[in-house]
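Heads up: the structure comes next, in structure tokens.
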Amino acid sequence: MILHSFKNDYSEGAHPRIYEALQRTNLQQTEGYGEDFICAEAAALLRDAVKSPDAAVVFLSGGTQANLVLIAHALRAYEGVIAPESGHINGHECGAVEATGHKILTLPSGDGKITAPQITELLREYNSPHVVAPRLVYISQATETGTVYTRDELKTLYNFCRTNGLYLYIDGARLGNALAAERGLTLADIANFSDAFTVGGTKNGFLFGEALIIPNAELAQNIKYSQKQHGAMLAKGRVIGAQFEAMFRDSLYFELAAYANEMGLLLRDGLAARGVKFAYDSPTNLQFPIFSNADVEKLSKSYGFNIMGNHGASGSVVRLVTSWATTEEDVRGFLESYTSL
């Protein structure tokens with residue numbers, strides 16, 4: 001019997017306030033396709049939160065959809081996107097970006113991050129009309145390995161992109177977790193040091209939904225056309241707007257992310273105290289302990305988790321994910337189960 005799943009941070013439905021917001025607005029008649037007053041209020045709250053009053057705000061149902069719409073919108077037919085090998089668009093989106101004709105140019109990344117010197121080397125290689133022209137840099141914040149770009153790292157990367165005529169796009173599926181982990185970083189910094197980014201809801205207590213925010217006015221032009229063309233414009237767009245309004249009218253969005261991180265660190269510290277090593281140094285709700293294959297087999301009878309790969313001949317790197325709904329009891333139960341192996 002599975003006692004608890006640590007496979008992801010969207011296994012549960014949604015925070016109660018989400019359902020309250022949907023119920024409260026359920027019988028209100030609104031305009032369709034995100035042109036309603038609920039989405040307008042949510043967009044205003046987001047612009048205020050990111051300190052970018054003129055930014056475009058587009059509500060979409062999921063992260064893959066948001067990545068596809070923005071990247072396809074930003075690139076000409078012969079242009080490509082630079083991304084870490086571990087980037088979500090490269091390994092977890094079924095070639096969605098490349099299906100639009102845009103090649104993904106990957107860079108190795110042991111910790112999930114990429115740097116300006118790496119991109120410089122790639123630009124030297126891709127510098128003729130015989131190859132794809134790099135135009136956009138894609139990163140995740142937090143990364144797929146749970147690591148976080150610091151404010152200085154983001155600023156450096158953004159300034160490099162500006163100097164070299166590249167867009168910088170941040171996939172913020174777990175942006176709340178990144179901001180909770182990196183205290184010197186704010187939503188305003190994210191807006192200041194990117195051309196576009198997403199504020200993820202699906203993995204932070206929403207039923208579903210992401211907000212694509214585009215501070216770059218030139219890039220934002222005609223984004224609604226791209227949204228519609230890619231089947232990403234919901235007739236009942238107000239359903240996503242209501243969720244963002246509920247989360248951003250106060251600090252709940254950040255509180256849920258901070259709590260998920262707290263449970264992740266409780267899990268990390270508890271395993272470390274028991275002698276477990278980790279594949280990555282993650283300060284967020286994603287943790288990657290290294291277990292023996294025998295322990296993996298035993299633990300999998302009671303807990304859900306993902307195996308990310310082999311570690312030597314008899315070990316595995318496991319991904320454990322905590323969420324806004326993970327309880328301390330869930331974590332301590334897992335730790336006790338590991339201790340008793």
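FYI, nothing fancy with the structure tokens labels: chains A, B, ... in order, residues from 1 per chain, ligands from 1 as they appear.
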
Excluding same-chain residues fewer than 5 positions from stretch 260-267 of chain A, what lies within 7 Å of it counting only C-alpha atoms, as an MDAnalysis selection string? chainID A and resid 177 283:287 321:324 328 331

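Backbone DSSP over stretch 9-124 of chain A yields strand (DSSP E or B) at Ala56, Val57, Val58, Phe59, Leu60, Glu79, Gly80, Val81, Ile82, Ala83, Pro84, Ile104, Leu105, Thr106 and Leu107 of chain A.
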
Selection from above, C-alpha atoms, as a PDB file, in the first residue's frame, can you write it?
ATOM      1  CA  ALA A  56       1.806  41.921 -20.818  1.00  0.00           C
ATOM      2  CA  VAL A  57       0.099  39.171 -18.792  1.00  0.00           C
ATOM      3  CA  VAL A  58      -1.255  36.059 -20.494  1.00  0.00           C
ATOM      4  CA  PHE A  59      -3.001  33.250 -18.615  1.00  0.00           C
ATOM      5  CA  LEU A  60      -2.421  29.701 -19.859  1.00  0.00           C
ATOM      6  CA  GLU A  79      16.017  30.734 -35.189  1.00  0.00           C
ATOM      7  CA  GLY A  80      16.637  28.378 -32.272  1.00  0.00           C
ATOM      8  CA  VAL A  81      16.560  28.335 -28.493  1.00  0.00           C
ATOM      9  CA  ILE A  82      19.499  27.698 -26.169  1.00  0.00           C
ATOM     10  CA  ALA A  83      18.716  25.571 -23.108  1.00  0.00           C
ATOM     11  CA  PRO A  84      20.430  23.374 -20.523  1.00  0.00           C
ATOM     12  CA  ILE A 104      16.768  23.377 -29.201  1.00  0.00           C
ATOM     13  CA  LEU A 105      20.515  23.927 -28.784  1.00  0.00           C
ATOM     14  CA  THR A 106      21.483  22.255 -25.509  1.00  0.00           C
ATOM     15  CA  LEU A 107      24.350  22.968 -23.138  1.00  0.00           C
TER      16      LEU A 107
END

For the atom pair atom CA of A:Arg332 and atom CA of A:Arg268, what is the interatomic distance in Å to one decimal place?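 Taking atom CA of A:Arg332 as the start and atom CA of A:Arg268 as the end point, the length is 11.2 Å.
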
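The spacing separating atom CA of A:Ile119 from atom CA of A:Ala74 amounts to 18.5 Å.
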
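For the atom pair formed by atom CA of A:Ser282 and atom CA of A:Thr145, the distance is 7.0 Å, given to one decimal.
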
Please provide the set of residues having any atom within 8 Å of A:Glu210, restricted to only C-alpha atoms, with same-chain residues fewer than 6 positions apart removed, written as a ChimeraX atom specification. /A:59-63,66,173,198-202,240

Residues within 7 Å of stretch 26-40 of chain A, please, as a VMD selection string. Count only C-alpha atoms; anything in the same chain fewer than 4 positions from it doesn't count. chain A and resid 22 44 233 to 238 241 to 242

Using only C-alpha atoms, which protein or nucleic acid residues come within 9 Å of A:Leu219? Drop anything in the same chain fewer than 3 positions from it, and give the result as a PyMOL selection string. chain A and resi 73-74+167+195-196+214-216+222-223

Just checking: using only C-alpha atoms, which residue out of A:Ser109, A:Ser11, A:Thr64, A:Asn159 ends up closest to A:His88?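 Selected residue with least distance to A:His88: A:Thr64.
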
Measuring atom to atom with only C-alpha atoms, identify which of A:Ala220, A:Pro108, A:Ile170, A:Gly146 is nearest to A:Phe278.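 Residue with the minimum atom-to-atom distance to A:Phe278: A:Gly146.
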
Residues of stretch 125-308 of chain A in helix (DSSP H, G or I), written as an mmCIF file with C-alpha atoms, in the first residue's frame:
data_model
loop_
_atom_site.group_PDB
_atom_site.id
_atom_site.type_symbol
_atom_site.label_atom_id
_atom_site.label_comp_id
_atom_site.auth_asym_id
_atom_site.auth_seq_id
_atom_site.Cartn_x
_atom_site.Cartn_y
_atom_site.Cartn_z
ATOM 1 C CA GLU A 125 29.815 27.581 -33.339
ATOM 2 C CA ARG A 151 20.135 37.591 -8.293
ATOM 3 C CA ASP A 152 23.689 38.265 -9.475
ATOM 4 C CA GLU A 153 23.683 35.183 -11.719
ATOM 5 C CA LEU A 154 20.412 36.257 -13.342
ATOM 6 C CA LYS A 155 21.600 39.828 -13.793
ATOM 7 C CA THR A 156 24.840 38.674 -15.400
ATOM 8 C CA LEU A 157 23.025 36.301 -17.730
ATOM 9 C CA TYR A 158 20.439 38.909 -18.703
ATOM 10 C CA ASN A 159 23.041 41.581 -19.429
ATOM 11 C CA PHE A 160 24.969 39.082 -21.530
ATOM 12 C CA CYS A 161 21.827 38.265 -23.509
ATOM 13 C CA ARG A 162 21.102 41.950 -24.124
ATOM 14 C CA THR A 163 24.663 42.555 -25.332
ATOM 15 C CA LEU A 175 9.239 30.207 -9.328
ATOM 16 C CA GLY A 176 7.627 30.461 -5.906
ATOM 17 C CA ASN A 177 10.003 27.820 -4.559
ATOM 18 C CA ALA A 178 13.001 29.628 -6.061
ATOM 19 C CA LEU A 179 12.026 32.955 -4.499
ATOM 20 C CA ALA A 180 11.394 31.333 -1.126
ATOM 21 C CA ALA A 181 14.817 29.671 -1.234
ATOM 22 C CA LEU A 187 9.667 38.984 -8.341
ATOM 23 C CA ALA A 188 10.709 42.470 -9.416
ATOM 24 C CA ASP A 189 14.223 41.133 -10.061
ATOM 25 C CA ILE A 190 12.775 38.387 -12.243
ATOM 26 C CA ALA A 191 10.942 41.010 -14.301
ATOM 27 C CA ASN A 192 13.973 43.297 -14.482
ATOM 28 C CA ALA A 217 7.126 45.527 -24.878
ATOM 29 C CA GLU A 218 8.477 44.639 -28.311
ATOM 30 C CA LEU A 219 8.339 40.923 -27.595
ATOM 31 C CA ALA A 220 4.826 41.267 -26.176
ATOM 32 C CA ILE A 223 1.223 37.683 -28.200
ATOM 33 C CA LYS A 224 -2.539 37.073 -28.120
ATOM 34 C CA TYR A 225 -2.402 35.989 -31.764
ATOM 35 C CA SER A 226 0.202 33.367 -30.934
ATOM 36 C CA GLN A 227 -1.806 32.275 -27.910
ATOM 37 C CA LYS A 228 -4.898 31.707 -30.046
ATOM 38 C CA GLN A 229 -3.043 30.083 -32.926
ATOM 39 C CA ARG A 238 -11.618 33.593 -16.054
ATOM 40 C CA VAL A 239 -11.127 30.222 -14.351
ATOM 41 C CA ILE A 240 -7.353 30.801 -14.373
ATOM 42 C CA GLY A 241 -7.697 34.486 -13.539
ATOM 43 C CA ALA A 242 -9.770 33.698 -10.454
ATOM 44 C CA GLN A 243 -7.050 31.396 -9.151
ATOM 45 C CA PHE A 244 -4.305 33.988 -9.563
ATOM 46 C CA GLU A 245 -6.470 36.638 -7.945
ATOM 47 C CA ALA A 246 -6.999 34.343 -4.972
ATOM 48 C CA MET A 247 -3.292 33.623 -4.584
ATOM 49 C CA PHE A 248 -1.920 37.122 -5.150
ATOM 50 C CA LEU A 252 -0.477 33.058 0.096
ATOM 51 C CA TYR A 253 1.377 32.147 -3.107
ATOM 52 C CA PHE A 254 4.720 32.692 -1.391
ATOM 53 C CA GLU A 255 3.645 31.088 1.868
ATOM 54 C CA LEU A 256 2.705 27.842 0.110
ATOM 55 C CA ALA A 257 6.015 27.730 -1.766
ATOM 56 C CA ALA A 258 7.991 28.425 1.408
ATOM 57 C CA TYR A 259 6.131 25.652 3.212
ATOM 58 C CA ALA A 260 6.823 23.146 0.405
ATOM 59 C CA ASN A 261 10.510 24.069 0.644
ATOM 60 C CA GLU A 262 10.404 23.643 4.425
ATOM 61 C CA MET A 263 9.111 20.098 4.017
ATOM 62 C CA GLY A 264 11.753 19.415 1.360
ATOM 63 C CA LEU A 265 14.527 20.573 3.662
ATOM 64 C CA LEU A 266 13.101 18.546 6.545
ATOM 65 C CA LEU A 267 13.310 15.517 4.280
ATOM 66 C CA ARG A 268 16.831 16.424 3.143
ATOM 67 C CA ASP A 269 18.195 17.063 6.613
ATOM 68 C CA GLY A 270 16.592 13.933 8.015
ATOM 69 C CA LEU A 271 18.134 11.739 5.330
ATOM 70 C CA ALA A 272 21.506 13.482 5.595
ATOM 71 C CA ALA A 273 21.515 12.800 9.339
ATOM 72 C CA ASN A 293 18.859 -0.292 -5.354
ATOM 73 C CA ALA A 294 17.818 -2.644 -2.543
ATOM 74 C CA ASP A 295 16.520 0.307 -0.521
ATOM 75 C CA VAL A 296 14.728 1.700 -3.569
ATOM 76 C CA GLU A 297 12.898 -1.575 -4.047
ATOM 77 C CA LYS A 298 11.815 -1.708 -0.412
ATOM 78 C CA LEU A 299 10.772 1.947 -0.166
#

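If you measure from each of A:Gly91, A:Tyr78, A:Gly205, A:Ser86 to A:Val132 using only C-alpha atoms, the closest one turns out to be A:Tyr78.
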
Which residue out of A:His130, A:Arg135, A:His102, A:Lys7 has the minimum interatomic distance to A:Phe305 when only C-alpha atoms are used?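 Among the listed residues, A:Lys7 lies closest to A:Phe305.
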